[in-house]
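Asker: For reference, the file start.pdb (PDB, C-alpha atoms and all ligand atoms) is included below:
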```pdb
ATOM      1  CA  MET U   1       0.000   0.000   0.000
ATOM      2  CA  ARG U   2       1.146   3.541  -0.712
ATOM      3  CA  VAL U   3      -0.122   6.775   0.822
ATOM      4  CA  GLY U   4      -0.088  10.285  -0.634
ATOM      5  CA  LEU U   5      -0.892  13.776   0.617
ATOM      6  CA  GLY U   6      -2.417  16.662  -1.310
ATOM      7  CA  PHE U   7      -3.077  20.313  -0.476
ATOM      8  CA  ASP U   8      -4.613  23.114  -2.499
ATOM      9  CA  ALA U   9      -5.927  26.631  -1.916
ATOM     10  CA  HIS U  10      -7.469  29.327  -4.084
ATOM     11  CA  ARG U  11      -8.412  32.956  -3.535
ATOM     12  CA  PHE U  12     -12.051  33.926  -4.007
ATOM     13  CA  GLY U  13     -12.755  35.983  -7.153
ATOM     14  CA  GLY U  14     -13.263  35.137 -10.789
ATOM     15  CA  VAL U  15     -16.397  33.617 -12.169
ATOM     16  CA  PRO U  16     -18.916  31.750  -9.955
ATOM     17  CA  PRO U  17     -19.444  29.113  -8.739
ATOM     18  CA  VAL U  18     -16.956  27.779  -6.232
ATOM     19  CA  LEU U  19     -16.562  24.071  -7.018
ATOM     20  CA  ALA U  20     -15.737  21.096  -4.795
ATOM     21  CA  ALA U  21     -15.276  17.898  -6.804
ATOM     22  CA  GLY U  22     -17.325  19.437  -9.604
ATOM     23  CA  VAL U  23     -20.193  20.357  -7.271
ATOM     24  CA  ALA U  24     -21.158  24.038  -6.911
ATOM     25  CA  VAL U  25     -20.779  24.761  -3.201
ATOM     26  CA  ASP U  26     -21.041  28.575  -3.449
ATOM     27  CA  ALA U  27     -23.096  29.929  -6.334
ATOM     28  CA  GLY U  28     -22.425  33.570  -5.472
ATOM     29  CA  ARG U  29     -18.636  33.535  -5.750
ATOM     30  CA  GLY U  30     -15.841  31.977  -7.742
ATOM     31  CA  VAL U  31     -12.108  31.474  -7.292
ATOM     32  CA  GLU U  32      -9.075  32.832  -9.119
ATOM     33  CA  ALA U  33      -7.361  29.976 -10.961
ATOM     34  CA  THR U  34      -6.068  28.877 -14.343
ATOM     35  CA  SER U  35      -8.406  25.889 -14.294
ATOM     36  CA  ASP U  36     -11.821  25.918 -12.607
ATOM     37  CA  GLY U  37     -10.022  26.185  -9.237
ATOM     38  CA  ASP U  38     -11.653  23.113  -7.718
ATOM     39  CA  VAL U  39      -9.667  22.721  -4.475
ATOM     40  CA  ALA U  40     -11.138  19.303  -3.620
ATOM     41  CA  ALA U  41     -10.337  17.858  -7.054
ATOM     42  CA  HIS U  42      -6.835  19.374  -6.962
ATOM     43  CA  ALA U  43      -6.022  18.123  -3.451
ATOM     44  CA  VAL U  44      -7.284  14.616  -4.254
ATOM     45  CA  ALA U  45      -5.376  14.546  -7.556
ATOM     46  CA  ASP U  46      -2.148  15.581  -5.826
ATOM     47  CA  ALA U  47      -2.713  12.977  -3.094
ATOM     48  CA  VAL U  48      -3.207  10.262  -5.725
ATOM     49  CA  LEU U  49      -0.149  11.417  -7.690
ATOM     50  CA  GLY U  50       1.852  11.581  -4.467
ATOM     51  CA  ALA U  51       0.967   8.035  -3.488
ATOM     52  CA  ALA U  52       2.124   6.871  -6.912
ATOM     53  CA  ALA U  53       5.225   9.128  -6.784
ATOM     54  CA  LEU U  54       4.232  10.493 -10.201
ATOM     55  CA  GLY U  55       4.970  14.159  -9.501
ATOM     56  CA  ASP U  56       2.268  16.756  -8.942
ATOM     57  CA  LEU U  57      -0.598  18.457 -10.762
ATOM     58  CA  GLY U  58       1.657  21.333 -11.804
ATOM     59  CA  ASP U  59       3.940  18.870 -13.608
ATOM     60  CA  LEU U  60       1.087  17.244 -15.508
ATOM     61  CA  PHE U  61      -0.966  20.349 -16.194
ATOM     62  CA  PRO U  62       1.298  23.457 -16.070
ATOM     63  CA  SER U  63      -0.702  26.551 -15.118
ATOM     64  CA  ASP U  64       1.053  28.600 -17.841
ATOM     65  CA  ASP U  65      -0.238  26.190 -20.510
ATOM     66  CA  PRO U  66      -3.320  27.714 -22.207
ATOM     67  CA  ARG U  67      -4.772  24.209 -22.668
ATOM     68  CA  TRP U  68      -5.718  24.185 -18.980
ATOM     69  CA  GLN U  69      -7.431  27.586 -19.039
ATOM     70  CA  GLY U  70     -10.818  26.967 -17.445
ATOM     71  CA  ALA U  71     -10.166  23.213 -17.419
ATOM     72  CA  ASP U  72     -12.678  20.896 -15.750
ATOM     73  CA  SER U  73     -10.639  19.664 -12.789
ATOM     74  CA  MET U  74     -12.631  16.451 -12.507
ATOM     75  CA  GLU U  75     -11.392  15.638 -16.019
ATOM     76  CA  LEU U  76      -7.848  16.361 -14.847
ATOM     77  CA  LEU U  77      -8.459  14.003 -11.904
ATOM     78  CA  ALA U  78      -9.692  11.346 -14.329
ATOM     79  CA  GLU U  79      -6.428  11.735 -16.280
ATOM     80  CA  VAL U  80      -4.474  11.342 -13.033
ATOM     81  CA  VAL U  81      -6.381   8.125 -12.278
ATOM     82  CA  ALA U  82      -5.591   6.863 -15.789
ATOM     83  CA  ARG U  83      -1.869   7.474 -15.231
ATOM     84  CA  VAL U  84      -1.941   5.719 -11.871
ATOM     85  CA  THR U  85      -3.764   2.775 -13.439
ATOM     86  CA  ALA U  86      -1.144   2.648 -16.192
ATOM     87  CA  ALA U  87       1.499   2.479 -13.439
ATOM     88  CA  GLY U  88      -0.118  -0.707 -12.097
ATOM     89  CA  LEU U  89      -1.825   0.906  -9.114
ATOM     90  CA  ARG U  90      -5.426   1.467  -8.054
ATOM     91  CA  VAL U  91      -6.986   3.910  -5.611
ATOM     92  CA  ALA U  92      -8.139   2.095  -2.458
ATOM     93  CA  SER U  93      -9.489   5.037  -0.447
ATOM     94  CA  VAL U  94      -9.477   8.818  -0.241
ATOM     95  CA  ASP U  95     -10.137  11.241   2.599
ATOM     96  CA  VAL U  96     -10.545  14.939   1.797
ATOM     97  CA  THR U  97     -11.164  17.902   4.086
ATOM     98  CA  VAL U  98     -12.430  21.174   2.626
ATOM     99  CA  ILE U  99     -11.446  24.182   4.724
ATOM    100  CA  ALA U 100     -13.507  27.355   4.442
ATOM    101  CA  GLU U 101     -15.089  29.984   6.646
ATOM    102  CA  ARG U 102     -18.476  30.589   5.039
ATOM    103  CA  VAL U 103     -18.758  28.036   2.209
ATOM    104  CA  ARG U 104     -21.069  25.277   3.384
ATOM    105  CA  VAL U 105     -19.836  21.898   2.180
ATOM    106  CA  ALA U 106     -21.839  19.638   4.485
ATOM    107  CA  PRO U 107     -25.132  19.937   2.549
ATOM    108  CA  HIS U 108     -23.311  18.714  -0.586
ATOM    109  CA  ARG U 109     -21.242  15.990   1.061
ATOM    110  CA  GLU U 110     -23.001  12.938  -0.382
ATOM    111  CA  VAL U 111     -23.001  14.346  -3.912
ATOM    112  CA  ILE U 112     -19.296  15.199  -3.629
ATOM    113  CA  ARG U 113     -18.546  11.675  -2.364
ATOM    114  CA  ALA U 114     -20.451  10.154  -5.269
ATOM    115  CA  ARG U 115     -18.694  12.356  -7.862
ATOM    116  CA  LEU U 116     -15.239  11.548  -6.478
ATOM    117  CA  ALA U 117     -16.038   7.834  -6.216
ATOM    118  CA  GLU U 118     -17.168   7.767  -9.842
ATOM    119  CA  VAL U 119     -13.996   9.411 -11.153
ATOM    120  CA  LEU U 120     -11.724   7.382  -8.866
ATOM    121  CA  GLY U 121     -13.490   4.163  -9.873
ATOM    122  CA  ILE U 122     -14.174   3.091  -6.294
ATOM    123  CA  ASP U 123     -17.179   2.679  -4.033
ATOM    124  CA  ALA U 124     -18.420   5.809  -2.261
ATOM    125  CA  SER U 125     -17.903   3.988   1.042
ATOM    126  CA  ALA U 126     -14.148   4.353   0.407
ATOM    127  CA  VAL U 127     -14.414   8.123  -0.093
ATOM    128  CA  SER U 128     -14.584  10.438   2.906
ATOM    129  CA  VAL U 129     -15.499  14.112   2.576
ATOM    130  CA  LYS U 130     -15.179  16.381   5.580
ATOM    131  CA  ALA U 131     -15.442  20.113   6.145
ATOM    132  CA  THR U 132     -13.968  22.465   8.688
ATOM    133  CA  SER U 133     -13.145  26.129   9.271
ATOM    134  CA  THR U 134     -10.109  27.765  10.851
ATOM    135  CA  ASP U 135     -12.090  29.408  13.655
ATOM    136  CA  GLY U 136     -11.622  32.828  12.067
ATOM    137  CA  LEU U 137      -7.847  32.517  11.709
ATOM    138  CA  GLY U 138      -5.757  33.353   8.653
ATOM    139  CA  PHE U 139      -6.835  33.904   5.026
ATOM    140  CA  ILE U 140      -9.512  31.275   5.304
ATOM    141  CA  GLY U 141     -10.828  32.780   8.509
ATOM    142  CA  ARG U 142     -11.025  36.171   6.779
ATOM    143  CA  ASP U 143     -13.098  34.448   4.085
ATOM    144  CA  GLU U 144     -10.541  35.354   1.392
ATOM    145  CA  GLY U 145     -10.234  31.851  -0.015
ATOM    146  CA  ILE U 146     -10.870  28.145   0.245
ATOM    147  CA  ALA U 147      -8.498  25.202   0.719
ATOM    148  CA  ALA U 148      -8.550  21.418   0.807
ATOM    149  CA  LEU U 149      -6.346  18.683   2.205
ATOM    150  CA  ALA U 150      -6.494  15.095   1.026
ATOM    151  CA  VAL U 151      -4.867  11.752   1.605
ATOM    152  CA  ALA U 152      -5.118   8.855  -0.799
ATOM    153  CA  LEU U 153      -4.274   5.212  -0.284
ATOM    154  CA  LEU U 154      -3.190   3.263  -3.357
ATOM    155  CA  ALA U 155      -2.752  -0.464  -3.737
ATOM    156  CA  GLU U 156      -1.207  -2.700  -6.388
ATOM    157  CA  ALA U 157      -3.796  -3.209  -9.123
TER     158      ALA U 157
HETATM  159 ZN    ZN C   1      -5.930  24.319  -7.332
END
```
Please re-express this file's structure in structure tokens.
Ligand SMILES: [Zn+2]

Answerer:
Amino acid sequence: MRVGLGFDAHRFGGVPPVLAAGVAVDAGRGVEATSDGDVAAHAVADAVLGAAALGDLGDLFPSDDPRWQGADSMELLAEVVARVTAAGLRVASVDVTVIAERVRVAPHREVIRARLAEVLGIDASAVSVKATSTDGLGFIGRDEGIAALAVALLAEA
């Protein structure tokens, strides 16, 4: 078994909505990013890449490459899964925590789990989605942005 860690953060701004695993969790705001700025998808993708020791999202999809302008991050995650599969590994489980002050993730949790499970090719029971705030501290506490942390466990295919 191999474990990987992922982290991502984006500043609020840009075009609504704020996405978490392709699910609109804040329809009134967006985030500044080259892609769609989906922190949950990015953190999970980096965790999966990390577990496989295949580099990071920035290596695969450079932010200065116009191809990734406005990219659907769940499609990028699907590409990451394809690379991991090609390396003889499979995702066994994922745990992701979305960190935000005012964005409410909990009402969308089951949909987010289902979307991640579908792209990862695993059962939703192996996908955990959690949400927390920073108790008013830092850029997240000031409601300037949103972040996500993820761990992924990979096994031999
Ligand atoms: Zn990102």

Asker: Evaluated on this file, the PyMOL selection byres (((chain U and resi 106) around 12) and not hetatm) picks out some residues - which ones are they, written as a list in words?

Answerer: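 For this structure, the PyMOL selection byres (((chain U and resi 106) around 12) and not hetatm) captures Ala20, Val23, Val25, Asp26, Thr97, Val98, Ile99, Ala100, Arg102, Val103, Arg104, Val105, Pro107, His108, Arg109, Glu110, Val111, Ile112, Arg113, Ser128, Val129, Lys130, Ala131, Thr132 and Ser133 of chain U.
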
Asker: Residues as selected, C-alpha atoms, written as a CSV table (one decimal), in the coordinates of the input, can you do that?

Answerer:
```
chain,number,residue,atom,x,y,z
U,20,ALA,CA,-15.7,21.1,-4.8
U,23,VAL,CA,-20.2,20.4,-7.3
U,25,VAL,CA,-20.8,24.8,-3.2
U,26,ASP,CA,-21.0,28.6,-3.4
U,97,THR,CA,-11.2,17.9,4.1
U,98,VAL,CA,-12.4,21.2,2.6
U,99,ILE,CA,-11.4,24.2,4.7
U,100,ALA,CA,-13.5,27.4,4.4
U,102,ARG,CA,-18.5,30.6,5.0
U,103,VAL,CA,-18.8,28.0,2.2
U,104,ARG,CA,-21.1,25.3,3.4
U,105,VAL,CA,-19.8,21.9,2.2
U,107,PRO,CA,-25.1,19.9,2.5
U,108,HIS,CA,-23.3,18.7,-0.6
U,109,ARG,CA,-21.2,16.0,1.1
U,110,GLU,CA,-23.0,12.9,-0.4
U,111,VAL,CA,-23.0,14.3,-3.9
U,112,ILE,CA,-19.3,15.2,-3.6
U,113,ARG,CA,-18.5,11.7,-2.4
U,128,SER,CA,-14.6,10.4,2.9
U,129,VAL,CA,-15.5,14.1,2.6
U,130,LYS,CA,-15.2,16.4,5.6
U,131,ALA,CA,-15.4,20.1,6.1
U,132,THR,CA,-14.0,22.5,8.7
U,133,SER,CA,-13.1,26.1,9.3
```

Asker: Work out how far apart CA of Arg67 (chain U) and CA of Ala47 (chain U) are and give it in Å to one decimal.

Answerer: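 A separation of 22.7 Å between them.
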
Asker: Which of these, U:Ala33, U:Val15, U:Met1, U:Ile122, has the shortest distance to Val81 (chain U) once you count all atoms listed in the file?

Answerer: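 Closest to Val81 (chain U) of all the choices is U:Ile122.
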
Asker: (0.0, 22.3, -14.3) in this file's frame - what residues fall within 12 Å of it? Use only C-alpha atoms and give the answer as a list in words.

Answerer: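 The distance filter leaves exactly Ala33, Thr34, Ser35, Gly37, His42, Ala45, Asp46, Gly55, Asp56, Leu57, Gly58, Asp59, Leu60, Phe61, Pro62, Ser63, Asp64, Asp65, Pro66, Arg67, Trp68, Gln69, Ala71, Ser73, Leu76 and Val80 of chain U.
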
Asker: Let me make sure I understand: among U:Gly4, U:Gly136, U:Gly50, U:Gly70, which one has the smallest atom-to-atom distance to ligand ZN 1 (chain C) if we use only C-alpha atoms and all ligand atoms?

Answerer: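 Ranked by minimum distance to ligand ZN 1 (chain C), first place goes to U:Gly70.
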
Asker: For Arg11 (chain U), which residue out of U:Gly138, U:Gly88, U:Gly30, U:Gly145 is the nearest one, using all atoms listed in the file?

Answerer: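 Under the stated criterion, the closest residue is U:Gly145.
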
Asker: Looking at all atoms listed in the file, which of U:Val151, U:Val48, U:Leu19, U:Ala27 is the one that sits closest to ligand ZN 1 (chain C)?

Answerer: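 Checking each of U:Val151, U:Val48, U:Leu19, U:Ala27 against ligand ZN 1 (chain C), counting all atoms listed in the file, the winner is U:Leu19.
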